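Single-structure report; data block below.
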Amino acid sequence: MNAPTLQIALPLAHPLAARQSLFLSTEGQPFTTSRAVAERFRKRHTHVLRAIENLLAEVSDPVFTEPNFGLSDYADSTGRRLPEYRLTHDGFAFLAMRFTGRQAMAWQIAFLQAFNALEAELRARTERYAHALDQVRPALRAVTEGTEAGMNRSQIAAPLGRSVAAVTYHRRNARRLGLLGGAARADGGVAA
């Protein structure tokens, strides 16, 4: 016989409020700030900063901390520049695990759901762009994948019904778009 499961009723945080606390970096990566965390968790920003600094002192792995806890600053209402941190999904989760209480748990859930939803939207948008690019330039994917597999231009061109020059053209575009690495030429171009 199975033991009954205990269910905790949480005062659920408003999901839209958590979502409004997420931002996109210039690289298109979602993040939140220590100020947004302080506001949503009803903590003083100085306490959240101290919690982050204590966490960073305990974790001596810059491979984890540097990309997930970016020190930044903001201008307060008087124009002073004050510190804040930009937290990625993982940075937020690592910090929020330290907060306790029913209300904190509700905000943890709301933030994690908001991060997951935004990341899913970004993945879907990237997939739409990739699909659109496949429609506009159908040979680009085949040329990129063939090049990555070590095929020469003739081997790629034959099944596509394209010329070797067309493969060279698509390889150049793939490098320009960052789909392929390439050796830079002396004239500033990229080798085909």
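Chain labels follow the order of the structure tokens: the first chain is A, the next B, and so on; residue numbering restarts at 1 in every chain, and ligands are counted from 1 in their shown order.
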Long-range neighbours of segment 87-103 of chain A as a PyMOL selection string, 6 Å cut-off, only C-alpha atoms, 3 positions minimum in chain: chain A and resi 31-33+68-69+106
Save out the residues we just selected, N, CA and C atoms, as a PDB file, in the first residue's frame.
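Written output follows (part09.pdb):
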```pdb
ATOM      1  N   PHE A  31      18.393  36.787 -18.698  1.00  0.00           N
ATOM      2  CA  PHE A  31      19.005  36.990 -17.388  1.00  0.00           C
ATOM      3  C   PHE A  31      18.048  37.787 -16.520  1.00  0.00           C
ATOM      4  N   THR A  32      18.326  37.795 -15.232  1.00  0.00           N
ATOM      5  CA  THR A  32      17.633  38.661 -14.302  1.00  0.00           C
ATOM      6  C   THR A  32      18.701  39.402 -13.522  1.00  0.00           C
ATOM      7  N   THR A  33      18.292  40.321 -12.682  1.00  0.00           N
ATOM      8  CA  THR A  33      19.269  41.099 -11.919  1.00  0.00           C
ATOM      9  C   THR A  33      19.075  40.860 -10.433  1.00  0.00           C
ATOM     10  N   ASN A  68      27.676  33.065 -15.001  1.00  0.00           N
ATOM     11  CA  ASN A  68      26.367  33.039 -14.360  1.00  0.00           C
ATOM     12  C   ASN A  68      26.108  34.187 -13.392  1.00  0.00           C
ATOM     13  N   PHE A  69      27.165  34.896 -12.988  1.00  0.00           N
ATOM     14  CA  PHE A  69      27.047  36.024 -12.059  1.00  0.00           C
ATOM     15  C   PHE A  69      27.891  37.174 -12.606  1.00  0.00           C
ATOM     16  N   ALA A 106       7.561  29.919  -3.682  1.00  0.00           N
ATOM     17  CA  ALA A 106       6.636  30.299  -4.752  1.00  0.00           C
ATOM     18  C   ALA A 106       7.359  31.132  -5.810  1.00  0.00           C
TER      19      ALA A 106
END
```
Close residues, segment 47-54 of chain A itself excluded, 8 Å, only C-alpha atoms, min 5 positions apart in chain, as a list in words: Ser34, Arg35, Val37, Ala38, Glu84, Tyr85 and Leu95 of chain A
Backbone-only DSSP, strand (DSSP E or B) members of segment 66-192 of chain A, as number ranges by chain: A: 69-75, 81-87, 184, 190
Once you have the residues from the selection above, write them out as a PDB file, in the first residue's frame, restricted to N, CA and C atoms.
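What ended up in part_16.pdb:
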```pdb
ATOM      1  N   PHE A  69      27.165  34.896 -12.988  1.00  0.00           N
ATOM      2  CA  PHE A  69      27.047  36.024 -12.059  1.00  0.00           C
ATOM      3  C   PHE A  69      27.891  37.174 -12.606  1.00  0.00           C
ATOM      4  N   GLY A  70      27.308  37.992 -13.450  1.00  0.00           N
ATOM      5  CA  GLY A  70      28.042  39.101 -14.058  1.00  0.00           C
ATOM      6  C   GLY A  70      27.867  40.373 -13.246  1.00  0.00           C
ATOM      7  N   LEU A  71      28.968  40.888 -12.732  1.00  0.00           N
ATOM      8  CA  LEU A  71      28.904  42.138 -11.975  1.00  0.00           C
ATOM      9  C   LEU A  71      28.642  43.280 -12.949  1.00  0.00           C
ATOM     10  N   SER A  72      27.676  44.101 -12.603  1.00  0.00           N
ATOM     11  CA  SER A  72      27.272  45.224 -13.435  1.00  0.00           C
ATOM     12  C   SER A  72      27.006  46.404 -12.514  1.00  0.00           C
ATOM     13  N   ASP A  73      26.415  47.437 -13.049  1.00  0.00           N
ATOM     14  CA  ASP A  73      25.997  48.551 -12.198  1.00  0.00           C
ATOM     15  C   ASP A  73      24.758  49.198 -12.790  1.00  0.00           C
ATOM     16  N   TYR A  74      24.148  50.052 -12.000  1.00  0.00           N
ATOM     17  CA  TYR A  74      22.949  50.771 -12.434  1.00  0.00           C
ATOM     18  C   TYR A  74      22.979  52.148 -11.799  1.00  0.00           C
ATOM     19  N   ALA A  75      22.220  53.070 -12.343  1.00  0.00           N
ATOM     20  CA  ALA A  75      22.123  54.415 -11.774  1.00  0.00           C
ATOM     21  C   ALA A  75      20.884  54.464 -10.890  1.00  0.00           C
ATOM     22  N   ARG A  81      26.152  55.523  -9.352  1.00  0.00           N
ATOM     23  CA  ARG A  81      26.352  54.207  -9.946  1.00  0.00           C
ATOM     24  C   ARG A  81      26.534  53.199  -8.809  1.00  0.00           C
ATOM     25  N   LEU A  82      25.660  52.222  -8.746  1.00  0.00           N
ATOM     26  CA  LEU A  82      25.694  51.216  -7.684  1.00  0.00           C
ATOM     27  C   LEU A  82      25.810  49.828  -8.299  1.00  0.00           C
ATOM     28  N   PRO A  83      26.398  48.877  -7.557  1.00  0.00           N
ATOM     29  CA  PRO A  83      26.590  47.531  -8.112  1.00  0.00           C
ATOM     30  C   PRO A  83      25.305  46.714  -8.141  1.00  0.00           C
ATOM     31  N   GLU A  84      25.237  45.833  -9.108  1.00  0.00           N
ATOM     32  CA  GLU A  84      24.204  44.808  -9.176  1.00  0.00           C
ATOM     33  C   GLU A  84      24.796  43.646  -9.954  1.00  0.00           C
ATOM     34  N   TYR A  85      24.186  42.507  -9.863  1.00  0.00           N
ATOM     35  CA  TYR A  85      24.638  41.334 -10.609  1.00  0.00           C
ATOM     36  C   TYR A  85      23.590  40.970 -11.641  1.00  0.00           C
ATOM     37  N   ARG A  86      24.076  40.459 -12.772  1.00  0.00           N
ATOM     38  CA  ARG A  86      23.211  39.862 -13.787  1.00  0.00           C
ATOM     39  C   ARG A  86      23.312  38.359 -13.594  1.00  0.00           C
ATOM     40  N   LEU A  87      22.182  37.717 -13.418  1.00  0.00           N
ATOM     41  CA  LEU A  87      22.148  36.291 -13.127  1.00  0.00           C
ATOM     42  C   LEU A  87      21.511  35.531 -14.279  1.00  0.00           C
ATOM     43  N   ALA A 184      41.511  32.669 -42.178  1.00  0.00           N
ATOM     44  CA  ALA A 184      41.511  34.001 -42.790  1.00  0.00           C
ATOM     45  C   ALA A 184      42.615  34.080 -43.818  1.00  0.00           C
ATOM     46  N   VAL A 190      38.060  34.971 -46.308  1.00  0.00           N
ATOM     47  CA  VAL A 190      38.126  33.656 -45.702  1.00  0.00           C
ATOM     48  C   VAL A 190      38.316  32.643 -46.801  1.00  0.00           C
TER      49      VAL A 190
END
```
All helix (DSSP H, G or I) residues (DSSP, backbone) inside segment 7-189 of chain A, as a PyMOL selection string: chain A and resi 15-19+34-40+45-58+62-68+89-96+102-136+138-148+153-160+164-176
Atomic distance atom CA of Glu127 of chain A - atom CA of Pro67 of chain A, expressed in Å with one decimal: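 Pair atom CA of Glu127 of chain A / atom CA of Pro67 of chain A returns 24.4 Å.
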Two-atom distance - atom CA of Val167 of chain A, atom CA of Leu140 of chain A (Å):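 These two atoms are separated by 8.5 Å.
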Selection: 12 Å around Arg123 of chain A, only C-alpha atoms, excl. self and same-chain fewer than 5 positions, as a ChimeraX atom specification: /A:28-30,116-118,128-130
Could you save those same residues with C-alpha atoms as a compact mmCIF listing (two decimals), in the first residue's frame?
```
# COMPACT_ATOMS: atom_id res chain seq x y z
CA GLY A 28 20.08 37.13 -26.76
CA GLN A 29 20.58 35.24 -23.47
CA PRO A 30 17.94 35.60 -20.75
CA ASN A 116 12.12 27.98 -19.01
CA ALA A 117 9.31 29.61 -21.00
CA LEU A 118 11.57 32.38 -22.33
CA ARG A 128 11.98 29.19 -37.20
CA TYR A 129 14.97 31.18 -38.47
CA ALA A 130 16.83 27.98 -39.35
```
Selected residue, from A:Ala149, A:Leu24, A:Ala104, A:Val143, that lies nearest to Arg172 of chain A when counting only C-alpha atoms: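 Looking only at the distances to Arg172 of chain A, the closest residue turns out to be A:Val143.
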Atom pair atom CA of Ala110 of chain A / atom CA of Ala36 of chain A: separation (Å):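 Spanning atom CA of Ala110 of chain A to atom CA of Ala36 of chain A is a straight-line distance of 13.0 Å.
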